[in-house]
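Data block for final17.txt (compact mmCIF, N, CA, C and O atoms):
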```
# COMPACT_ATOMS: atom_id res chain seq x y z
N MET A 1 -71.76 119.98 -69.43
CA MET A 1 -73.07 120.58 -69.32
C MET A 1 -73.21 121.12 -67.90
O MET A 1 -73.06 120.39 -66.93
N ALA A 2 -73.46 122.40 -67.78
CA ALA A 2 -73.59 123.04 -66.48
C ALA A 2 -74.96 122.75 -65.90
O ALA A 2 -75.97 122.77 -66.60
N LYS A 3 -74.98 122.49 -64.62
CA LYS A 3 -76.20 122.20 -63.90
C LYS A 3 -76.90 123.49 -63.52
O LYS A 3 -76.26 124.39 -63.00
N ARG A 4 -78.18 123.59 -63.80
CA ARG A 4 -78.94 124.74 -63.34
C ARG A 4 -79.35 124.50 -61.90
O ARG A 4 -79.66 123.39 -61.51
N MET A 5 -79.34 125.55 -61.13
CA MET A 5 -79.74 125.43 -59.73
C MET A 5 -81.21 125.81 -59.60
O MET A 5 -81.65 126.79 -60.18
N ARG A 6 -81.95 125.01 -58.88
CA ARG A 6 -83.34 125.32 -58.57
C ARG A 6 -83.45 125.54 -57.08
O ARG A 6 -82.92 124.77 -56.28
N ARG A 7 -84.13 126.55 -56.71
CA ARG A 7 -84.27 126.90 -55.29
C ARG A 7 -85.08 125.83 -54.56
O ARG A 7 -86.18 125.50 -54.93
N GLY A 8 -84.46 125.29 -53.47
CA GLY A 8 -85.15 124.32 -52.63
C GLY A 8 -85.15 122.91 -53.20
O GLY A 8 -85.89 122.06 -52.74
N GLN A 9 -84.34 122.65 -54.23
CA GLN A 9 -84.27 121.33 -54.82
C GLN A 9 -82.81 120.96 -55.09
O GLN A 9 -81.94 121.82 -55.11
N LYS A 10 -82.58 119.67 -55.29
CA LYS A 10 -81.25 119.23 -55.70
C LYS A 10 -81.41 118.18 -56.77
O LYS A 10 -82.43 117.49 -56.86
N GLN A 11 -80.37 118.05 -57.59
CA GLN A 11 -80.43 117.14 -58.72
C GLN A 11 -79.72 115.84 -58.41
O GLN A 11 -78.61 115.83 -57.87
N CYS A 12 -80.36 114.75 -58.75
CA CYS A 12 -79.79 113.42 -58.54
C CYS A 12 -78.67 113.21 -59.55
O CYS A 12 -78.86 113.43 -60.75
N PRO A 13 -77.47 112.77 -59.11
CA PRO A 13 -76.37 112.56 -60.05
C PRO A 13 -76.57 111.32 -60.94
O PRO A 13 -75.98 111.24 -62.00
N LYS A 14 -77.40 110.37 -60.54
CA LYS A 14 -77.61 109.15 -61.33
C LYS A 14 -78.62 109.35 -62.46
O LYS A 14 -78.35 109.06 -63.62
N CYS A 15 -79.81 109.85 -62.09
CA CYS A 15 -80.88 109.93 -63.08
C CYS A 15 -81.18 111.36 -63.51
O CYS A 15 -82.05 111.58 -64.35
N ALA A 16 -80.52 112.34 -62.96
CA ALA A 16 -80.67 113.76 -63.28
C ALA A 16 -82.06 114.31 -62.94
O ALA A 16 -82.44 115.37 -63.43
N ALA A 17 -82.80 113.59 -62.13
CA ALA A 17 -84.12 114.08 -61.70
C ALA A 17 -83.94 115.11 -60.60
O ALA A 17 -82.99 115.06 -59.82
N TRP A 18 -84.89 116.06 -60.54
CA TRP A 18 -84.85 117.08 -59.50
C TRP A 18 -85.63 116.57 -58.30
O TRP A 18 -86.76 116.13 -58.43
N VAL A 19 -85.03 116.63 -57.13
CA VAL A 19 -85.62 116.14 -55.89
C VAL A 19 -86.02 117.34 -55.06
O VAL A 19 -85.20 118.23 -54.82
N LYS A 20 -87.30 117.35 -54.64
CA LYS A 20 -87.77 118.46 -53.82
C LYS A 20 -87.19 118.38 -52.42
O LYS A 20 -87.04 117.31 -51.86
N GLY A 21 -86.86 119.53 -51.90
CA GLY A 21 -86.35 119.60 -50.53
C GLY A 21 -84.84 119.43 -50.48
O GLY A 21 -84.29 118.48 -51.04
N THR A 22 -84.19 120.36 -49.82
CA THR A 22 -82.73 120.30 -49.74
C THR A 22 -82.26 119.26 -48.73
O THR A 22 -81.08 118.92 -48.71
N ARG A 23 -83.18 118.77 -47.91
CA ARG A 23 -82.78 117.79 -46.88
C ARG A 23 -83.16 116.36 -47.24
O ARG A 23 -83.12 115.48 -46.40
N ALA A 24 -83.53 116.13 -48.47
CA ALA A 24 -83.90 114.79 -48.90
C ALA A 24 -82.69 113.86 -48.78
O ALA A 24 -81.57 114.24 -49.10
N LYS A 25 -82.93 112.64 -48.33
CA LYS A 25 -81.85 111.68 -48.13
C LYS A 25 -81.66 110.78 -49.34
O LYS A 25 -80.58 110.26 -49.56
N ALA A 26 -82.74 110.55 -50.13
CA ALA A 26 -82.66 109.64 -51.27
C ALA A 26 -83.51 110.16 -52.42
O ALA A 26 -84.49 110.88 -52.22
N CYS A 27 -83.14 109.76 -53.62
CA CYS A 27 -83.90 110.12 -54.81
C CYS A 27 -85.11 109.19 -54.90
O CYS A 27 -84.95 107.97 -54.87
N PRO A 28 -86.35 109.73 -55.03
CA PRO A 28 -87.52 108.86 -55.10
C PRO A 28 -87.61 108.09 -56.42
O PRO A 28 -88.24 107.04 -56.48
N LYS A 29 -86.95 108.56 -57.46
CA LYS A 29 -87.02 107.92 -58.78
C LYS A 29 -86.09 106.71 -58.89
O LYS A 29 -86.51 105.64 -59.30
N CYS A 30 -84.80 106.90 -58.51
CA CYS A 30 -83.84 105.81 -58.67
C CYS A 30 -83.32 105.25 -57.34
O CYS A 30 -82.63 104.24 -57.32
N GLY A 31 -83.58 105.93 -56.24
CA GLY A 31 -83.15 105.44 -54.93
C GLY A 31 -81.73 105.83 -54.55
O GLY A 31 -81.21 105.33 -53.56
N HIS A 32 -81.08 106.71 -55.31
CA HIS A 32 -79.72 107.14 -54.99
C HIS A 32 -79.69 107.81 -53.62
O HIS A 32 -80.51 108.66 -53.31
N GLN A 33 -78.74 107.39 -52.78
CA GLN A 33 -78.59 107.96 -51.44
C GLN A 33 -77.65 109.16 -51.51
O GLN A 33 -76.52 109.03 -51.96
N PHE A 34 -78.15 110.32 -51.08
CA PHE A 34 -77.32 111.52 -51.05
C PHE A 34 -76.44 111.48 -49.81
O PHE A 34 -76.86 111.00 -48.75
N ARG A 35 -75.21 111.97 -49.94
CA ARG A 35 -74.32 112.04 -48.79
C ARG A 35 -74.77 113.16 -47.88
O ARG A 35 -75.07 114.26 -48.32
N ALA A 36 -74.75 112.89 -46.59
CA ALA A 36 -75.07 113.92 -45.61
C ALA A 36 -73.83 114.78 -45.40
O ALA A 36 -72.70 114.30 -45.44
N LYS A 37 -74.04 116.06 -45.19
CA LYS A 37 -72.91 116.95 -44.92
C LYS A 37 -72.35 116.62 -43.55
O LYS A 37 -73.08 116.37 -42.60
N LYS A 38 -71.02 116.60 -43.48
CA LYS A 38 -70.37 116.32 -42.20
C LYS A 38 -70.46 117.55 -41.31
O LYS A 38 -70.23 118.67 -41.75
N LYS A 39 -70.79 117.30 -40.06
CA LYS A 39 -70.87 118.41 -39.10
C LYS A 39 -69.47 118.79 -38.67
O LYS A 39 -68.59 117.94 -38.50
N ALA A 40 -69.27 120.06 -38.46
CA ALA A 40 -67.98 120.56 -37.99
C ALA A 40 -67.79 120.15 -36.54
O ALA A 40 -68.74 120.07 -35.76
N ALA A 41 -66.56 119.89 -36.16
CA ALA A 41 -66.25 119.53 -34.78
C ALA A 41 -66.53 120.72 -33.88
O ALA A 41 -66.27 121.87 -34.24
N PRO A 42 -67.09 120.48 -32.70
CA PRO A 42 -67.37 121.60 -31.80
C PRO A 42 -66.08 122.27 -31.36
O PRO A 42 -65.06 121.62 -31.13
N ALA A 43 -66.13 123.57 -31.25
CA ALA A 43 -64.97 124.34 -30.84
C ALA A 43 -64.67 124.08 -29.36
O ALA A 43 -65.58 124.02 -28.54
N PRO A 44 -63.40 123.91 -29.00
CA PRO A 44 -63.06 123.69 -27.59
C PRO A 44 -63.33 124.96 -26.79
O PRO A 44 -63.19 126.07 -27.28
N GLU A 45 -63.71 124.74 -25.57
CA GLU A 45 -64.00 125.88 -24.70
C GLU A 45 -62.69 126.53 -24.26
O GLU A 45 -61.80 125.87 -23.74
N ALA A 46 -62.60 127.82 -24.46
CA ALA A 46 -61.38 128.54 -24.12
C ALA A 46 -61.29 128.80 -22.61
O ALA A 46 -60.20 128.94 -22.06
N ALA A 47 -62.42 128.86 -21.95
CA ALA A 47 -62.42 129.20 -20.54
C ALA A 47 -62.02 128.01 -19.65
O ALA A 47 -61.61 128.20 -18.52
N GLU A 48 -62.13 126.79 -20.18
CA GLU A 48 -61.83 125.62 -19.37
C GLU A 48 -60.32 125.45 -19.21
O GLU A 48 -59.59 125.42 -20.18
N PRO A 49 -59.84 125.36 -17.98
CA PRO A 49 -58.39 125.21 -17.78
C PRO A 49 -57.93 123.84 -18.23
O PRO A 49 -58.69 122.88 -18.24
N GLU A 50 -56.66 123.75 -18.60
CA GLU A 50 -56.09 122.49 -19.06
C GLU A 50 -55.96 121.54 -17.89
O GLU A 50 -55.47 121.89 -16.82
N LYS A 51 -56.44 120.31 -18.09
CA LYS A 51 -56.39 119.32 -17.03
C LYS A 51 -55.07 118.59 -17.07
O LYS A 51 -54.54 118.29 -18.13
N THR A 52 -54.53 118.30 -15.90
CA THR A 52 -53.26 117.61 -15.80
C THR A 52 -53.49 116.21 -15.26
O THR A 52 -54.54 115.90 -14.70
N ALA A 53 -52.52 115.35 -15.44
CA ALA A 53 -52.63 113.97 -14.97
C ALA A 53 -52.54 113.91 -13.45
O ALA A 53 -53.15 113.06 -12.82
N LYS A 54 -51.78 114.80 -12.86
CA LYS A 54 -51.63 114.79 -11.41
C LYS A 54 -52.69 115.69 -10.77
O LYS A 54 -53.16 116.64 -11.35
N ALA A 55 -53.03 115.37 -9.56
CA ALA A 55 -54.06 116.13 -8.87
C ALA A 55 -53.56 117.51 -8.48
O ALA A 55 -54.31 118.47 -8.47
N SER A 56 -52.28 117.63 -8.16
CA SER A 56 -51.74 118.89 -7.69
C SER A 56 -50.70 119.41 -8.66
O SER A 56 -49.86 118.67 -9.15
N VAL A 57 -50.76 120.70 -8.94
CA VAL A 57 -49.76 121.33 -9.80
C VAL A 57 -48.92 122.31 -9.00
O VAL A 57 -48.19 123.10 -9.57
N MET A 58 -49.03 122.25 -7.69
CA MET A 58 -48.26 123.14 -6.84
C MET A 58 -46.83 122.64 -6.74
O MET A 58 -46.56 121.44 -6.72
N VAL A 59 -45.89 123.57 -6.69
CA VAL A 59 -44.49 123.23 -6.50
C VAL A 59 -44.25 123.13 -5.00
O VAL A 59 -44.53 124.06 -4.25
N THR A 60 -43.72 121.98 -4.59
CA THR A 60 -43.48 121.77 -3.17
C THR A 60 -42.00 121.99 -2.85
O THR A 60 -41.17 122.11 -3.75
N LEU A 61 -41.68 122.01 -1.59
CA LEU A 61 -40.31 122.16 -1.14
C LEU A 61 -39.45 120.98 -1.59
O LEU A 61 -38.29 121.16 -1.96
N GLU A 62 -40.06 119.79 -1.65
CA GLU A 62 -39.33 118.61 -2.12
C GLU A 62 -38.95 118.75 -3.59
O GLU A 62 -37.87 118.33 -4.00
N HIS A 63 -39.84 119.35 -4.39
CA HIS A 63 -39.53 119.58 -5.80
C HIS A 63 -38.34 120.52 -5.94
O HIS A 63 -37.43 120.28 -6.74
N VAL A 64 -38.35 121.58 -5.16
CA VAL A 64 -37.26 122.56 -5.22
C VAL A 64 -35.94 121.91 -4.82
O VAL A 64 -34.90 122.11 -5.46
N LYS A 65 -35.96 121.09 -3.77
CA LYS A 65 -34.75 120.40 -3.32
C LYS A 65 -34.25 119.44 -4.39
O LYS A 65 -33.03 119.36 -4.64
N ALA A 66 -35.14 118.71 -5.04
CA ALA A 66 -34.75 117.76 -6.07
C ALA A 66 -34.11 118.46 -7.27
O ALA A 66 -33.10 118.01 -7.80
N VAL A 67 -34.68 119.61 -7.67
CA VAL A 67 -34.11 120.37 -8.78
C VAL A 67 -32.74 120.92 -8.39
O VAL A 67 -31.79 120.89 -9.18
N ALA A 68 -32.61 121.42 -7.16
CA ALA A 68 -31.33 121.95 -6.71
C ALA A 68 -30.25 120.87 -6.70
O ALA A 68 -29.11 121.10 -7.12
N LEU A 69 -30.60 119.66 -6.24
CA LEU A 69 -29.64 118.56 -6.25
C LEU A 69 -29.26 118.16 -7.68
O LEU A 69 -28.10 117.84 -7.96
N THR A 70 -30.22 118.19 -8.59
CA THR A 70 -29.95 117.86 -9.99
C THR A 70 -29.02 118.88 -10.60
O THR A 70 -28.09 118.53 -11.34
N VAL A 71 -29.25 120.16 -10.31
CA VAL A 71 -28.38 121.23 -10.85
C VAL A 71 -26.96 121.04 -10.34
O VAL A 71 -25.99 121.16 -11.10
N LYS A 72 -26.82 120.72 -9.04
CA LYS A 72 -25.49 120.50 -8.48
C LYS A 72 -24.82 119.28 -9.11
O LYS A 72 -23.63 119.31 -9.42
N ALA A 73 -25.59 118.20 -9.30
CA ALA A 73 -25.02 116.98 -9.85
C ALA A 73 -24.57 117.16 -11.30
O ALA A 73 -23.56 116.58 -11.72
N LEU A 74 -25.28 117.97 -12.05
CA LEU A 74 -24.93 118.19 -13.46
C LEU A 74 -23.87 119.26 -13.65
O LEU A 74 -23.32 119.40 -14.73
N GLY A 75 -23.62 120.06 -12.63
CA GLY A 75 -22.57 121.07 -12.72
C GLY A 75 -23.05 122.46 -13.08
O GLY A 75 -22.29 123.25 -13.61
N GLY A 76 -24.30 122.76 -12.82
CA GLY A 76 -24.80 124.11 -13.08
C GLY A 76 -26.04 124.12 -13.97
O GLY A 76 -26.54 123.08 -14.39
N PHE A 77 -26.50 125.34 -14.26
CA PHE A 77 -27.72 125.49 -15.04
C PHE A 77 -27.50 125.24 -16.53
O PHE A 77 -28.40 124.78 -17.22
N THR A 78 -26.32 125.55 -17.04
CA THR A 78 -26.06 125.35 -18.46
C THR A 78 -26.15 123.88 -18.86
O THR A 78 -26.85 123.55 -19.82
N PRO A 79 -25.50 122.96 -18.14
CA PRO A 79 -25.66 121.54 -18.50
C PRO A 79 -27.10 121.05 -18.32
O PRO A 79 -27.55 120.20 -19.09
N LEU A 80 -27.81 121.59 -17.33
CA LEU A 80 -29.20 121.20 -17.13
C LEU A 80 -30.05 121.63 -18.32
O LEU A 80 -30.88 120.87 -18.82
N ASN A 81 -29.83 122.87 -18.82
CA ASN A 81 -30.58 123.34 -19.98
C ASN A 81 -30.25 122.50 -21.22
O ASN A 81 -31.13 122.23 -22.04
N GLU A 82 -28.98 122.09 -21.36
CA GLU A 82 -28.60 121.23 -22.47
C GLU A 82 -29.31 119.88 -22.38
O GLU A 82 -29.77 119.33 -23.38
N LEU A 83 -29.40 119.34 -21.16
CA LEU A 83 -30.08 118.07 -20.96
C LEU A 83 -31.57 118.19 -21.30
O LEU A 83 -32.13 117.32 -21.96
N LEU A 84 -32.20 119.26 -20.87
CA LEU A 84 -33.62 119.46 -21.17
C LEU A 84 -33.84 119.61 -22.68
O LEU A 84 -34.83 119.11 -23.22
N GLY A 85 -32.91 120.29 -23.36
CA GLY A 85 -33.00 120.40 -24.82
C GLY A 85 -32.86 119.05 -25.50
O GLY A 85 -33.57 118.76 -26.47
N LEU A 86 -31.97 118.21 -24.98
CA LEU A 86 -31.79 116.87 -25.53
C LEU A 86 -33.05 116.02 -25.33
O LEU A 86 -33.46 115.30 -26.23
N ILE A 87 -33.66 116.12 -24.16
CA ILE A 87 -34.89 115.38 -23.89
C ILE A 87 -35.97 115.80 -24.88
O ILE A 87 -36.71 114.97 -25.42
N LYS A 88 -36.05 117.10 -25.16
CA LYS A 88 -37.04 117.61 -26.10
C LYS A 88 -36.77 117.09 -27.51
O LYS A 88 -37.67 116.70 -28.24
N GLU A 89 -35.49 117.05 -27.92
CA GLU A 89 -35.11 116.55 -29.24
C GLU A 89 -35.44 115.07 -29.40
O GLU A 89 -35.90 114.63 -30.46
N VAL A 90 -35.21 114.28 -28.36
CA VAL A 90 -35.44 112.84 -28.41
C VAL A 90 -36.93 112.55 -28.55
O VAL A 90 -37.31 111.56 -29.16
N GLY A 91 -37.77 113.39 -28.02
CA GLY A 91 -39.21 113.16 -28.14
C GLY A 91 -39.93 113.03 -26.82
O GLY A 91 -41.03 112.50 -26.76
N GLY A 92 -39.34 113.48 -25.75
CA GLY A 92 -40.04 113.46 -24.47
C GLY A 92 -39.31 112.64 -23.42
O GLY A 92 -38.33 111.95 -23.69
N VAL A 93 -39.83 112.73 -22.22
CA VAL A 93 -39.20 112.09 -21.07
C VAL A 93 -39.27 110.57 -21.19
O VAL A 93 -38.30 109.87 -20.89
N LYS A 94 -40.41 110.04 -21.67
CA LYS A 94 -40.56 108.58 -21.73
C LYS A 94 -39.55 107.98 -22.72
O LYS A 94 -38.90 106.98 -22.42
N LYS A 95 -39.41 108.60 -23.89
CA LYS A 95 -38.45 108.09 -24.87
C LYS A 95 -37.03 108.23 -24.36
O LYS A 95 -36.19 107.36 -24.58
N PHE A 96 -36.74 109.32 -23.66
CA PHE A 96 -35.41 109.52 -23.10
C PHE A 96 -35.11 108.45 -22.05
O PHE A 96 -34.02 107.88 -22.01
N LYS A 97 -36.10 108.15 -21.22
CA LYS A 97 -35.94 107.12 -20.19
C LYS A 97 -35.70 105.76 -20.83
O LYS A 97 -34.83 105.00 -20.39
N ASP A 98 -36.47 105.43 -21.89
CA ASP A 98 -36.28 104.15 -22.59
C ASP A 98 -34.89 104.06 -23.20
O ASP A 98 -34.24 103.01 -23.16
N LEU A 99 -34.41 105.18 -23.75
CA LEU A 99 -33.07 105.21 -24.34
C LEU A 99 -32.01 105.00 -23.27
O LEU A 99 -31.04 104.25 -23.47
N LEU A 100 -32.18 105.63 -22.11
CA LEU A 100 -31.22 105.45 -21.02
C LEU A 100 -31.19 104.00 -20.53
O LEU A 100 -30.12 103.44 -20.27
N GLU A 101 -32.38 103.38 -20.42
CA GLU A 101 -32.44 101.99 -19.99
C GLU A 101 -31.76 101.07 -21.00
O GLU A 101 -31.07 100.12 -20.62
N ALA A 102 -31.95 101.35 -22.28
CA ALA A 102 -31.32 100.53 -23.31
C ALA A 102 -29.80 100.68 -23.28
O ALA A 102 -29.06 99.70 -23.48
N MET A 103 -29.32 101.88 -23.00
CA MET A 103 -27.88 102.13 -22.96
C MET A 103 -27.24 101.52 -21.72
O MET A 103 -26.08 101.12 -21.74
N SER A 104 -27.98 101.44 -20.62
CA SER A 104 -27.41 100.95 -19.37
C SER A 104 -27.50 99.44 -19.23
O SER A 104 -26.99 98.88 -18.27
N ALA A 105 -28.11 98.75 -20.21
CA ALA A 105 -28.20 97.29 -20.14
C ALA A 105 -26.79 96.71 -20.25
O ALA A 105 -25.98 97.18 -21.03
N PRO A 106 -26.51 95.68 -19.47
CA PRO A 106 -25.16 95.09 -19.52
C PRO A 106 -24.92 94.43 -20.86
O PRO A 106 -25.81 93.84 -21.46
N GLU A 107 -23.69 94.54 -21.34
CA GLU A 107 -23.33 93.92 -22.61
C GLU A 107 -23.13 92.42 -22.40
O GLU A 107 -22.85 91.95 -21.30
N VAL A 108 -23.24 91.66 -23.46
CA VAL A 108 -23.15 90.20 -23.39
C VAL A 108 -21.75 89.78 -22.97
O VAL A 108 -21.59 88.79 -22.24
N ASP A 109 -20.71 90.53 -23.36
CA ASP A 109 -19.34 90.17 -23.01
C ASP A 109 -19.09 90.29 -21.51
O ASP A 109 -18.22 89.61 -20.97
N ASP A 110 -19.81 91.18 -20.84
CA ASP A 110 -19.59 91.41 -19.41
C ASP A 110 -20.24 90.37 -18.54
O ASP A 110 -19.91 90.23 -17.36
N ILE A 111 -21.17 89.60 -19.06
CA ILE A 111 -21.88 88.61 -18.26
C ILE A 111 -21.02 87.36 -18.13
O ILE A 111 -20.53 86.81 -19.11
N LYS A 112 -20.86 86.89 -16.88
CA LYS A 112 -20.06 85.69 -16.61
C LYS A 112 -21.02 84.57 -16.28
O LYS A 112 -21.95 84.71 -15.50
N PHE A 113 -20.75 83.42 -16.86
CA PHE A 113 -21.60 82.25 -16.61
C PHE A 113 -20.99 81.33 -15.61
O PHE A 113 -19.89 81.12 -15.43
```

This structure in structure tokens:
Amino acid sequence: MAKRMRRGQKQCPKCAAWVKGTRAKACPKCGHQFRAKKKAAPAPEAAEPEKTAKASVMVTLEHVKAVALTVKALGGFTPLNELLGLIKEVGGVKKFKDLLEAMSAPEVDDIKF
């Protein structure tokens, strides 16, 4: 049975009574509580810059030196790019660091009592 629509009213699903006002919270006849419509989440502001965990996002001379030493230690830019790709595959720097720590733990056979 199709429900007829009445302007400015809604029908109670329990007792089929028509309730005046589209903003009514409950049916006056049977007390059925109507669900409130969920509000949409506010849209994020596009103008607001992305906040970082660190106070400064400037590249310093120490950063450049550290990257240069890492490139030299790894043997060039190609191995460095491979390492960065591996870090991304693993799921980030923290997971990569945890994996390295787990791999570098001494084995039980190597420990002398």

>> Can you pull out the residues contacting region 25-30 of chain A? Cut-off 8 Å, using all atoms listed in the file, and skip same-chain residues under 3 positions away; I want them as a ChimeraX atom specification.
In response: /A:10-12,14-15,17-22,33-36

Only N, CA, C and O atoms, please: the residues just picked out, written as a short mmCIF file (atom, residue, chain, number, x, y, z; two decimals), keeping the file's coordinate frame.
```
data_model
loop_
_atom_site.label_atom_id
_atom_site.label_comp_id
_atom_site.auth_asym_id
_atom_site.auth_seq_id
_atom_site.Cartn_x
_atom_site.Cartn_y
_atom_site.Cartn_z
N LYS A 10 -82.58 119.67 -55.29
CA LYS A 10 -81.25 119.23 -55.70
C LYS A 10 -81.41 118.18 -56.77
O LYS A 10 -82.43 117.49 -56.86
N GLN A 11 -80.37 118.05 -57.59
CA GLN A 11 -80.43 117.14 -58.72
C GLN A 11 -79.72 115.84 -58.41
O GLN A 11 -78.61 115.83 -57.87
N CYS A 12 -80.36 114.75 -58.75
CA CYS A 12 -79.79 113.42 -58.54
C CYS A 12 -78.67 113.21 -59.55
O CYS A 12 -78.86 113.43 -60.75
N LYS A 14 -77.40 110.37 -60.54
CA LYS A 14 -77.61 109.15 -61.33
C LYS A 14 -78.62 109.35 -62.46
O LYS A 14 -78.35 109.06 -63.62
N CYS A 15 -79.81 109.85 -62.09
CA CYS A 15 -80.88 109.93 -63.08
C CYS A 15 -81.18 111.36 -63.51
O CYS A 15 -82.05 111.58 -64.35
N ALA A 17 -82.80 113.59 -62.13
CA ALA A 17 -84.12 114.08 -61.70
C ALA A 17 -83.94 115.11 -60.60
O ALA A 17 -82.99 115.06 -59.82
N TRP A 18 -84.89 116.06 -60.54
CA TRP A 18 -84.85 117.08 -59.50
C TRP A 18 -85.63 116.57 -58.30
O TRP A 18 -86.76 116.13 -58.43
N VAL A 19 -85.03 116.63 -57.13
CA VAL A 19 -85.62 116.14 -55.89
C VAL A 19 -86.02 117.34 -55.06
O VAL A 19 -85.20 118.23 -54.82
N LYS A 20 -87.30 117.35 -54.64
CA LYS A 20 -87.77 118.46 -53.82
C LYS A 20 -87.19 118.38 -52.42
O LYS A 20 -87.04 117.31 -51.86
N GLY A 21 -86.86 119.53 -51.90
CA GLY A 21 -86.35 119.60 -50.53
C GLY A 21 -84.84 119.43 -50.48
O GLY A 21 -84.29 118.48 -51.04
N THR A 22 -84.19 120.36 -49.82
CA THR A 22 -82.73 120.30 -49.74
C THR A 22 -82.26 119.26 -48.73
O THR A 22 -81.08 118.92 -48.71
N GLN A 33 -78.74 107.39 -52.78
CA GLN A 33 -78.59 107.96 -51.44
C GLN A 33 -77.65 109.16 -51.51
O GLN A 33 -76.52 109.03 -51.96
N PHE A 34 -78.15 110.32 -51.08
CA PHE A 34 -77.32 111.52 -51.05
C PHE A 34 -76.44 111.48 -49.81
O PHE A 34 -76.86 111.00 -48.75
N ARG A 35 -75.21 111.97 -49.94
CA ARG A 35 -74.32 112.04 -48.79
C ARG A 35 -74.77 113.16 -47.88
O ARG A 35 -75.07 114.26 -48.32
N ALA A 36 -74.75 112.89 -46.59
CA ALA A 36 -75.07 113.92 -45.61
C ALA A 36 -73.83 114.78 -45.40
O ALA A 36 -72.70 114.30 -45.44
#
```

> Mind pulling up the distance from CA of Leu74 (chain A) to atom C of Leu86 (chain A)?
Replying inline: 14.5 Å

> What does the distance between atom N of Val64 (chain A) and CA of Leu84 (chain A) come to in Å, to one decimal place?
Replying inline: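 Interatomic distance, atom N of Val64 (chain A) to CA of Leu84 (chain A): 16.8 Å.
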
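Between atom N of Lys97 (chain A) and atom N of Leu69 (chain A) the separation is 19.7 Å.
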